[in-house]
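Okay, query.pdb now, which holds PDB, C-alpha atoms:
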```pdb
ATOM      1  CA  MET A  61       5.732   4.260  11.945  1.00  0.00           C
ATOM      2  CA  LEU A  62       9.097   5.139  13.420  1.00  0.00           C
ATOM      3  CA  THR A  63       9.495   7.403  16.421  1.00  0.00           C
ATOM      4  CA  ALA A  64      11.878  10.362  16.130  1.00  0.00           C
ATOM      5  CA  GLU A  65      14.384   8.440  18.247  1.00  0.00           C
ATOM      6  CA  GLU A  66      14.180   5.345  16.059  1.00  0.00           C
ATOM      7  CA  GLU A  67      14.565   7.455  12.941  1.00  0.00           C
ATOM      8  CA  GLN A  68      17.657   9.103  14.369  1.00  0.00           C
ATOM      9  CA  GLU A  69      19.087   5.728  15.353  1.00  0.00           C
ATOM     10  CA  ILE A  70      18.578   4.356  11.836  1.00  0.00           C
ATOM     11  CA  GLN A  71      20.179   7.439  10.318  1.00  0.00           C
ATOM     12  CA  GLU A  72      23.211   6.946  12.574  1.00  0.00           C
ATOM     13  CA  MET A  73      23.420   3.282  11.545  1.00  0.00           C
ATOM     14  CA  GLN A  74      23.214   4.258   7.882  1.00  0.00           C
ATOM     15  CA  LYS A  75      26.587   5.957   8.272  1.00  0.00           C
ATOM     16  CA  GLU A  76      28.121   2.626   9.248  1.00  0.00           C
ATOM     17  CA  VAL A  77      26.797   0.594   6.323  1.00  0.00           C
ATOM     18  CA  ASP A  78      29.579  -1.046   4.299  1.00  0.00           C
ATOM     19  CA  MET A  79      28.989   0.494   0.888  1.00  0.00           C
ATOM     20  CA  THR A  80      31.703  -1.635  -0.718  1.00  0.00           C
ATOM     21  CA  LEU A  81      29.532  -4.728  -0.194  1.00  0.00           C
ATOM     22  CA  ILE A  82      26.471  -3.015  -1.661  1.00  0.00           C
ATOM     23  CA  ARG A  83      28.459  -1.805  -4.682  1.00  0.00           C
ATOM     24  CA  TRP A  84      29.882  -5.298  -5.140  1.00  0.00           C
ATOM     25  CA  MET A  85      26.387  -6.809  -5.036  1.00  0.00           C
ATOM     26  CA  LEU A  86      25.166  -4.218  -7.538  1.00  0.00           C
ATOM     27  CA  SER A  87      28.027  -5.193  -9.853  1.00  0.00           C
ATOM     28  CA  LEU A  88      26.628  -8.755 -10.039  1.00  0.00           C
ATOM     29  CA  THR A  89      23.764  -9.959 -12.194  1.00  0.00           C
ATOM     30  CA  PRO A  90      20.481 -10.802 -10.380  1.00  0.00           C
ATOM     31  CA  LEU A  91      21.147 -14.504 -11.002  1.00  0.00           C
ATOM     32  CA  GLU A  92      24.606 -14.229  -9.425  1.00  0.00           C
ATOM     33  CA  ARG A  93      23.045 -12.491  -6.390  1.00  0.00           C
ATOM     34  CA  LEU A  94      20.474 -15.256  -6.116  1.00  0.00           C
ATOM     35  CA  THR A  95      23.186 -17.910  -6.319  1.00  0.00           C
ATOM     36  CA  ILE A  96      25.084 -16.311  -3.434  1.00  0.00           C
ATOM     37  CA  ILE A  97      22.115 -16.436  -1.042  1.00  0.00           C
ATOM     38  CA  GLN A  98      21.135 -19.865  -2.264  1.00  0.00           C
ATOM     39  CA  GLU A  99      24.565 -21.232  -1.334  1.00  0.00           C
ATOM     40  CA  TYR A 100      24.488 -19.349   1.978  1.00  0.00           C
ATOM     41  CA  ALA A 101      21.037 -20.767   2.750  1.00  0.00           C
ATOM     42  CA  GLU A 102      22.117 -24.292   1.957  1.00  0.00           C
ATOM     43  CA  THR A 103      25.144 -24.002   4.242  1.00  0.00           C
ATOM     44  CA  THR A 104      22.963 -22.538   6.997  1.00  0.00           C
ATOM     45  CA  TRP A 105      20.418 -25.369   6.814  1.00  0.00           C
ATOM     46  CA  ARG A 106      23.172 -28.003   6.713  1.00  0.00           C
ATOM     47  CA  MET A 107      24.713 -26.500   9.849  1.00  0.00           C
ATOM     48  CA  ARG A 108      21.309 -26.438  11.571  1.00  0.00           C
ATOM     49  CA  ASP A 109      20.745 -30.095  10.682  1.00  0.00           C
ATOM     50  CA  ALA A 110      24.214 -31.049  11.889  1.00  0.00           C
ATOM     51  CA  GLN A 111      23.635 -29.173  15.148  1.00  0.00           C
ATOM     52  CA  SER A 112      20.287 -30.882  15.768  1.00  0.00           C
ATOM     53  CA  ILE A 113      21.851 -34.322  15.075  1.00  0.00           C
ATOM     54  CA  GLN A 114      24.688 -33.504  17.504  1.00  0.00           C
ATOM     55  CA  LEU A 115      22.205 -32.344  20.179  1.00  0.00           C
ATOM     56  CA  SER A 116      20.154 -35.508  19.761  1.00  0.00           C
ATOM     57  CA  GLU A 117      23.303 -37.696  19.966  1.00  0.00           C
ATOM     58  CA  ASN A 118      24.378 -35.844  23.113  1.00  0.00           C
ATOM     59  CA  ALA A 119      20.928 -36.386  24.629  1.00  0.00           C
ATOM     60  CA  SER A 120      21.103 -40.114  23.799  1.00  0.00           C
ATOM     61  CA  SER A 121      24.586 -40.366  25.364  1.00  0.00           C
ATOM     62  CA  SER A 122      23.352 -38.621  28.527  1.00  0.00           C
ATOM     63  CA  LEU A 123      20.399 -40.987  28.781  1.00  0.00           C
ATOM     64  CA  SER A 124      22.671 -44.045  28.276  1.00  0.00           C
ATOM     65  CA  ALA A 125      25.113 -42.779  30.903  1.00  0.00           C
ATOM     66  CA  SER A 126      22.352 -42.131  33.419  1.00  0.00           C
ATOM     67  CA  GLY A 127      20.650 -45.448  32.617  1.00  0.00           C
TER      68      GLY A 127
ATOM     69  CA  MET B 158      28.697 -31.830  -4.848  1.00  0.00           C
ATOM     70  CA  PRO B 159      26.009 -29.923  -6.754  1.00  0.00           C
ATOM     71  CA  SER B 160      23.668 -27.803  -4.652  1.00  0.00           C
ATOM     72  CA  PRO B 161      20.197 -29.356  -4.204  1.00  0.00           C
ATOM     73  CA  PHE B 162      18.888 -25.901  -3.330  1.00  0.00           C
ATOM     74  CA  SER B 163      17.784 -23.884  -6.313  1.00  0.00           C
ATOM     75  CA  TYR B 164      15.791 -20.717  -5.890  1.00  0.00           C
ATOM     76  CA  PRO B 165      15.386 -20.150  -9.650  1.00  0.00           C
ATOM     77  CA  LYS B 166      13.937 -23.675 -10.026  1.00  0.00           C
ATOM     78  CA  MET B 167      11.666 -23.178  -7.018  1.00  0.00           C
ATOM     79  CA  LEU B 168      10.327 -19.928  -8.442  1.00  0.00           C
ATOM     80  CA  ARG B 169       9.938 -21.545 -11.864  1.00  0.00           C
ATOM     81  CA  VAL B 170       7.698 -24.227 -10.341  1.00  0.00           C
ATOM     82  CA  LEU B 171       5.480 -21.572  -8.738  1.00  0.00           C
ATOM     83  CA  LEU B 172       5.267 -19.671 -12.020  1.00  0.00           C
ATOM     84  CA  ALA B 173       4.667 -22.850 -14.054  1.00  0.00           C
ATOM     85  CA  HIS B 174       1.603 -23.509 -11.887  1.00  0.00           C
ATOM     86  CA  GLN B 175       0.498 -19.895 -12.478  1.00  0.00           C
ATOM     87  CA  VAL B 176       0.543 -19.070  -8.787  1.00  0.00           C
ATOM     88  CA  ASP B 177      -0.129 -15.404  -8.028  1.00  0.00           C
ATOM     89  CA  PHE B 178       2.556 -14.362  -5.564  1.00  0.00           C
ATOM     90  CA  VAL B 179       5.090 -11.681  -4.794  1.00  0.00           C
ATOM     91  CA  VAL B 180       8.588 -12.244  -3.413  1.00  0.00           C
ATOM     92  CA  ILE B 181       9.342 -10.194  -0.306  1.00  0.00           C
ATOM     93  CA  GLY B 182      11.979 -10.369   2.447  1.00  0.00           C
ATOM     94  CA  GLY B 183      15.657 -11.225   2.145  1.00  0.00           C
ATOM     95  CA  VAL B 184      15.600 -12.722  -1.352  1.00  0.00           C
ATOM     96  CA  CYS B 185      13.806  -9.631  -2.605  1.00  0.00           C
ATOM     97  CA  ALA B 186      16.397  -7.447  -0.836  1.00  0.00           C
ATOM     98  CA  THR B 187      19.269  -9.435  -2.343  1.00  0.00           C
ATOM     99  CA  LEU B 188      17.840  -9.269  -5.849  1.00  0.00           C
ATOM    100  CA  HIS B 189      17.667  -5.495  -5.424  1.00  0.00           C
ATOM    101  CA  GLY B 190      21.369  -5.595  -4.474  1.00  0.00           C
ATOM    102  CA  SER B 191      21.365  -5.757  -0.675  1.00  0.00           C
ATOM    103  CA  SER B 192      24.358  -7.320   1.051  1.00  0.00           C
ATOM    104  CA  VAL B 193      22.128  -8.981   3.675  1.00  0.00           C
ATOM    105  CA  LEU B 194      21.986 -12.777   3.509  1.00  0.00           C
ATOM    106  CA  THR B 195      18.945 -14.931   4.197  1.00  0.00           C
ATOM    107  CA  ALA B 196      18.187 -18.627   4.554  1.00  0.00           C
ATOM    108  CA  ASP B 197      14.741 -18.813   2.967  1.00  0.00           C
ATOM    109  CA  VAL B 198      12.461 -17.464   0.266  1.00  0.00           C
ATOM    110  CA  ASP B 199       9.489 -15.412   1.510  1.00  0.00           C
ATOM    111  CA  ILE B 200       6.431 -14.969  -0.646  1.00  0.00           C
ATOM    112  CA  VAL B 201       2.994 -13.464  -0.140  1.00  0.00           C
ATOM    113  CA  ALA B 202       0.468 -15.442  -2.170  1.00  0.00           C
ATOM    114  CA  SER B 203      -3.048 -14.524  -3.205  1.00  0.00           C
ATOM    115  CA  ARG B 204      -5.572 -16.280  -0.965  1.00  0.00           C
ATOM    116  CA  HIS B 205      -8.127 -16.546  -3.736  1.00  0.00           C
ATOM    117  CA  SER B 206      -9.437 -20.134  -3.689  1.00  0.00           C
ATOM    118  CA  ASP B 207      -8.296 -20.910  -7.260  1.00  0.00           C
ATOM    119  CA  ASN B 208      -4.836 -19.584  -6.480  1.00  0.00           C
ATOM    120  CA  LEU B 209      -4.588 -21.640  -3.312  1.00  0.00           C
ATOM    121  CA  LYS B 210      -5.329 -24.765  -5.359  1.00  0.00           C
ATOM    122  CA  ARG B 211      -2.564 -23.835  -7.822  1.00  0.00           C
ATOM    123  CA  LEU B 212      -0.252 -23.115  -4.892  1.00  0.00           C
ATOM    124  CA  GLU B 213      -1.049 -26.499  -3.378  1.00  0.00           C
ATOM    125  CA  ALA B 214      -0.184 -28.185  -6.687  1.00  0.00           C
ATOM    126  CA  ALA B 215       3.122 -26.295  -6.912  1.00  0.00           C
ATOM    127  CA  LEU B 216       3.994 -27.145  -3.305  1.00  0.00           C
ATOM    128  CA  THR B 217       3.169 -30.800  -3.935  1.00  0.00           C
ATOM    129  CA  GLU B 218       5.592 -30.817  -6.864  1.00  0.00           C
ATOM    130  CA  LEU B 219       8.212 -29.246  -4.565  1.00  0.00           C
ATOM    131  CA  ASN B 220       7.551 -31.902  -1.868  1.00  0.00           C
ATOM    132  CA  ALA B 221       6.853 -29.135   0.634  1.00  0.00           C
ATOM    133  CA  TYR B 222       6.152 -29.823   4.301  1.00  0.00           C
ATOM    134  CA  TYR B 223       5.885 -27.738   7.461  1.00  0.00           C
ATOM    135  CA  ARG B 224       9.469 -27.579   8.667  1.00  0.00           C
ATOM    136  CA  GLU B 225       8.505 -27.174  12.351  1.00  0.00           C
ATOM    137  CA  HIS B 226       7.195 -30.737  12.148  1.00  0.00           C
ATOM    138  CA  PRO B 227       9.877 -32.641  10.201  1.00  0.00           C
ATOM    139  CA  ARG B 228       8.817 -35.997  11.648  1.00  0.00           C
ATOM    140  CA  GLY B 229       5.072 -35.442  11.285  1.00  0.00           C
ATOM    141  CA  ARG B 230       5.433 -34.269   7.670  1.00  0.00           C
ATOM    142  CA  PHE B 231       2.346 -32.082   7.708  1.00  0.00           C
ATOM    143  CA  LEU B 232       1.661 -31.108   4.131  1.00  0.00           C
ATOM    144  CA  PRO B 233       0.412 -27.681   3.067  1.00  0.00           C
ATOM    145  CA  ASP B 234      -2.915 -27.933   1.287  1.00  0.00           C
ATOM    146  CA  ALA B 235      -5.267 -25.225   0.053  1.00  0.00           C
ATOM    147  CA  GLU B 236      -7.361 -25.376   3.210  1.00  0.00           C
ATOM    148  CA  ARG B 237      -4.380 -25.013   5.555  1.00  0.00           C
ATOM    149  CA  LEU B 238      -2.887 -22.233   3.405  1.00  0.00           C
ATOM    150  CA  ASP B 239      -6.035 -20.119   3.617  1.00  0.00           C
ATOM    151  CA  THR B 240      -4.896 -18.025   6.587  1.00  0.00           C
ATOM    152  CA  LYS B 241      -3.367 -14.609   7.149  1.00  0.00           C
ATOM    153  CA  GLY B 242      -0.473 -16.263   8.979  1.00  0.00           C
ATOM    154  CA  HIS B 243       2.924 -17.624   8.011  1.00  0.00           C
ATOM    155  CA  HIS B 244       3.538 -21.119   6.665  1.00  0.00           C
ATOM    156  CA  LEU B 245       7.157 -22.089   7.222  1.00  0.00           C
ATOM    157  CA  LEU B 246       7.937 -24.817   4.722  1.00  0.00           C
ATOM    158  CA  MET B 247      10.887 -26.900   3.583  1.00  0.00           C
ATOM    159  CA  THR B 248      10.965 -28.056  -0.024  1.00  0.00           C
ATOM    160  CA  ASP B 249      13.316 -30.119  -2.202  1.00  0.00           C
ATOM    161  CA  LEU B 250      14.756 -26.861  -3.518  1.00  0.00           C
ATOM    162  CA  GLY B 251      15.099 -24.860  -0.284  1.00  0.00           C
ATOM    163  CA  ALA B 252      13.153 -23.272   2.568  1.00  0.00           C
ATOM    164  CA  LEU B 253      10.033 -21.396   1.540  1.00  0.00           C
ATOM    165  CA  ASP B 254       7.850 -19.196   3.752  1.00  0.00           C
ATOM    166  CA  VAL B 255       4.352 -18.598   2.412  1.00  0.00           C
ATOM    167  CA  LEU B 256       2.718 -15.577   4.040  1.00  0.00           C
ATOM    168  CA  GLY B 257      -0.959 -14.712   3.957  1.00  0.00           C
ATOM    169  CA  THR B 258      -0.338 -11.135   5.008  1.00  0.00           C
ATOM    170  CA  VAL B 259       2.493  -8.859   6.140  1.00  0.00           C
ATOM    171  CA  THR B 260       2.538  -5.831   8.451  1.00  0.00           C
ATOM    172  CA  GLY B 261      -0.472  -3.573   8.258  1.00  0.00           C
ATOM    173  CA  GLY B 262      -2.589  -6.573   7.270  1.00  0.00           C
ATOM    174  CA  ARG B 263      -1.412  -6.211   3.676  1.00  0.00           C
ATOM    175  CA  GLY B 264      -2.100  -9.213   1.499  1.00  0.00           C
ATOM    176  CA  TYR B 265      -1.251 -10.006  -2.117  1.00  0.00           C
ATOM    177  CA  GLU B 266      -3.844  -7.603  -3.532  1.00  0.00           C
ATOM    178  CA  GLU B 267      -2.543  -4.692  -1.458  1.00  0.00           C
ATOM    179  CA  LEU B 268       1.085  -5.431  -2.389  1.00  0.00           C
ATOM    180  CA  LEU B 269       0.458  -5.966  -6.107  1.00  0.00           C
ATOM    181  CA  PRO B 270       0.636  -2.229  -7.034  1.00  0.00           C
ATOM    182  CA  GLU B 271       4.049  -2.114  -5.330  1.00  0.00           C
ATOM    183  CA  THR B 272       5.371  -5.073  -7.325  1.00  0.00           C
ATOM    184  CA  ILE B 273       7.967  -5.068 -10.082  1.00  0.00           C
ATOM    185  CA  GLN B 274       9.020  -7.859 -12.434  1.00  0.00           C
ATOM    186  CA  PHE B 275      12.644  -8.889 -12.083  1.00  0.00           C
ATOM    187  CA  THR B 276      14.092 -10.905 -14.962  1.00  0.00           C
ATOM    188  CA  ILE B 277      16.721 -13.563 -14.315  1.00  0.00           C
ATOM    189  CA  GLU B 278      18.018 -16.422 -16.447  1.00  0.00           C
ATOM    190  CA  GLY B 279      16.797 -14.549 -19.516  1.00  0.00           C
ATOM    191  CA  ASP B 280      13.154 -15.589 -19.322  1.00  0.00           C
ATOM    192  CA  LEU B 281      12.310 -16.019 -15.643  1.00  0.00           C
ATOM    193  CA  GLN B 282      10.204 -13.051 -14.556  1.00  0.00           C
ATOM    194  CA  ILE B 283       9.966 -12.856 -10.792  1.00  0.00           C
ATOM    195  CA  PRO B 284       7.292 -10.639  -9.228  1.00  0.00           C
ATOM    196  CA  MET B 285       8.800  -8.898  -6.236  1.00  0.00           C
ATOM    197  CA  LEU B 286       8.292  -5.837  -4.079  1.00  0.00           C
ATOM    198  CA  ASN B 287       9.834  -2.538  -5.123  1.00  0.00           C
ATOM    199  CA  LEU B 288      12.597  -1.323  -2.829  1.00  0.00           C
ATOM    200  CA  PRO B 289      10.752   1.621  -1.175  1.00  0.00           C
ATOM    201  CA  MET B 290       7.865  -0.699  -0.197  1.00  0.00           C
ATOM    202  CA  LEU B 291      10.267  -3.323   1.135  1.00  0.00           C
ATOM    203  CA  ILE B 292      11.906  -0.646   3.301  1.00  0.00           C
ATOM    204  CA  LEU B 293       8.512   0.516   4.550  1.00  0.00           C
ATOM    205  CA  LEU B 294       7.527  -3.032   5.575  1.00  0.00           C
ATOM    206  CA  LYS B 295      10.838  -3.584   7.371  1.00  0.00           C
ATOM    207  CA  GLN B 296      10.364  -0.283   9.213  1.00  0.00           C
ATOM    208  CA  GLU B 297       6.851  -1.124  10.280  1.00  0.00           C
ATOM    209  CA  THR B 298       7.678  -4.464  11.820  1.00  0.00           C
ATOM    210  CA  ASN B 299       8.706  -4.622  15.450  1.00  0.00           C
ATOM    211  CA  ARG B 300      11.189  -7.438  14.886  1.00  0.00           C
ATOM    212  CA  VAL B 301      14.769  -6.415  15.639  1.00  0.00           C
ATOM    213  CA  LYS B 302      16.204  -8.518  12.789  1.00  0.00           C
ATOM    214  CA  ASP B 303      14.018  -6.647  10.304  1.00  0.00           C
ATOM    215  CA  ARG B 304      14.742  -3.227  11.777  1.00  0.00           C
ATOM    216  CA  LEU B 305      18.500  -3.852  11.535  1.00  0.00           C
ATOM    217  CA  ILE B 306      18.237  -4.252   7.772  1.00  0.00           C
ATOM    218  CA  VAL B 307      16.575  -0.860   7.270  1.00  0.00           C
ATOM    219  CA  PRO B 308      19.819   1.202   7.284  1.00  0.00           C
ATOM    220  CA  ILE B 309      21.337  -1.125   4.655  1.00  0.00           C
ATOM    221  CA  LEU B 310      18.257  -0.964   2.434  1.00  0.00           C
ATOM    222  CA  ARG B 311      18.087   2.812   2.720  1.00  0.00           C
ATOM    223  CA  GLN B 312      21.738   3.145   1.716  1.00  0.00           C
ATOM    224  CA  LEU B 313      21.103   0.741  -1.172  1.00  0.00           C
ATOM    225  CA  LEU B 314      18.197   2.889  -2.342  1.00  0.00           C
ATOM    226  CA  LEU B 315      20.367   6.020  -2.163  1.00  0.00           C
ATOM    227  CA  GLU B 316      23.148   4.273  -4.089  1.00  0.00           C
ATOM    228  CA  LYS B 317      20.731   3.179  -6.804  1.00  0.00           C
ATOM    229  CA  GLN B 318      19.184   6.637  -7.005  1.00  0.00           C
ATOM    230  CA  GLU B 319      22.619   8.224  -7.299  1.00  0.00           C
ATOM    231  CA  GLY B 320      23.532   5.664  -9.966  1.00  0.00           C
ATOM    232  CA  THR B 321      20.372   6.490 -11.902  1.00  0.00           C
ATOM    233  CA  ASN B 322      21.015  10.211 -11.576  1.00  0.00           C
ATOM    234  CA  LYS B 323      24.559   9.676 -12.826  1.00  0.00           C
ATOM    235  CA  GLU B 324      23.331   7.615 -15.776  1.00  0.00           C
ATOM    236  CA  ASN B 325      20.814  10.333 -16.620  1.00  0.00           C
ATOM    237  CA  ALA B 326      23.482  13.036 -16.339  1.00  0.00           C
ATOM    238  CA  ASP B 327      25.831  10.988 -18.572  1.00  0.00           C
ATOM    239  CA  SER B 328      23.142  10.472 -21.175  1.00  0.00           C
ATOM    240  CA  GLU B 329      22.360  14.193 -21.191  1.00  0.00           C
ATOM    241  CA  ASN B 330      26.003  15.065 -21.852  1.00  0.00           C
TER     242      ASN B 330
END
```
I'd like the structure from this file rewritten - as structure tokens, please.
Amino acid sequence: MLTAEEEQEIQEMQKEVDMTLIRWMLSLTPLERLTIIQEYAETTWRMRDAQSIQLSENASSSLSASG
Amino acid sequence: MPSPFSYPKMLRVLLAHQVDFVVIGGVCATLHGSSVLTADVDIVASRHSDNLKRLEAALTELNAYYREHPRGRFLPDAERLDTKGHHLLMTDLGALDVLGTVTGGRGYEELLPETIQFTIEGDLQIPMLNLPMLILLKQETNRVKDRLIVPILRQLLLEKQEGTNKENADSEN
């Protein structure tokens, strides 16, 4: 349940929503919409993996330098 | 390089194993037409014992494991899945979150009346939440990332309603 303040805040934010993006998404087929988030998700997970590999390499380098 | 992630294939596996589930969250929002992006598929599955066995079989086919423990490779089985909590999994076809319940303690049975079938790829019928219910759940949660989506979903609902009204007006003329 939203408080009156929260409701007002959401209504203000609604005015700032980019309707061109929503209309563009609505112009696509459901499968095309699914493909877009699928590709986004894959990129996101690849970046997360790359970041964790980099962090682990940095940690190894620090340990080698200190050892 | 072809994408190893495939949400349609993932959902097909769940349906092929006759798992009772409903898609919620970002994928549901996107299928409705939201411009918000997400990195995983969220489903609420029935926690009936037979369904959990079917879910386990589907997850085995998808090579699912708990993604918080990538080295330990804890596998989701029917016993582990029988909770109200969230199971954050990685599969061969993408990240999949299996939820026992959502806000308000709502499980599969409570969400089922608010479910619609969305057809993609001609024959793939995906059970997912209707837009008003999705908005309600996002409003009820205290998570900032969910609350931020509410204005977008509300505008989407208005746009769709206006589109429907326009279609009706056109067909009347």
Define the interface residues of chain A facing chain B as those within 7 Å, counting all atoms listed in the file, and report them as number ranges by chain.
A: 61-62, 70-71, 73-74, 77, 81-82, 85-86, 90-91, 93-94, 97-98, 100-102, 104
Show me, as lines of an AutoDock Vina configuration file, the centre and edge lengths in Å to one decimal of the axis-aligned box that covers every listed atom of stretch 303-319 of chain B with 4 Å on each side.
```
center_x = 18.6
center_y = 0.8
center_z = 2.2
size_x = 17.1
size_y = 22.9
size_z = 27.1
```
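Applied to the shown file, the PyMOL selection byres ((chain B and resi 176) around 10) selects the residues B:Leu168, B:Val170, B:Leu171, B:Leu172, B:Ala173, B:His174, B:Gln175, B:Asp177, B:Phe178, B:Val179, B:Ala202, B:Ser203, B:Asp207, B:Asn208, B:Leu209, B:Lys210, B:Arg211, B:Leu212, B:Glu213, B:Ala214, B:Ala215.
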Given only C-alpha atoms as the counted atoms, nearest of B:His226, B:His244, B:Arg237, B:Arg263 to B:Ser206
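Ranked by minimum distance to B:Ser206, first place goes to B:Arg237.
Interatomic distance, atom CA of B:Met285 to atom CA of B:Val180: 4.4 Å.
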Within 10 Å of file point (2.1, -3.8, 0.2), counting all atoms listed in the file, expressed as a list in words
Val179, Ile181, Val201, Thr258, Val259, Thr260, Gly261, Gly262, Arg263, Gly264, Tyr265, Glu266, Glu267, Leu268, Leu269, Pro270, Glu271, Thr272, Leu286, Asn287, Met290, Leu291, Leu293 and Leu294 of chain B
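Atom CA of B:Glu319 to atom CA of B:Ile283 spans 24.8 Å [interatomic distance, one decimal].
Atom CA of B:Lys295 is positioned 18.8 Å from atom CA of B:Leu253.
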Using the chain letters and numbers from this file, what does the PyMOL selection byres ((chain B and resi 231) around 12) select? Give the answer as a list of chain:residue names.
B:Thr217, B:Asn220, B:Ala221, B:Tyr222, B:Tyr223, B:Arg224, B:Glu225, B:His226, B:Pro227, B:Arg228, B:Gly229, B:Arg230, B:Leu232, B:Pro233, B:Asp234, B:Arg237, B:Leu238, B:His244, B:Leu245, B:Leu246, B:Met247
For B:His243, work out the shell of residues within 7 Å, counting all atoms listed in the file and skipping chain neighbours fewer than 6 positions away, then give it as a PyMOL selection string.
chain B and resi 254-257
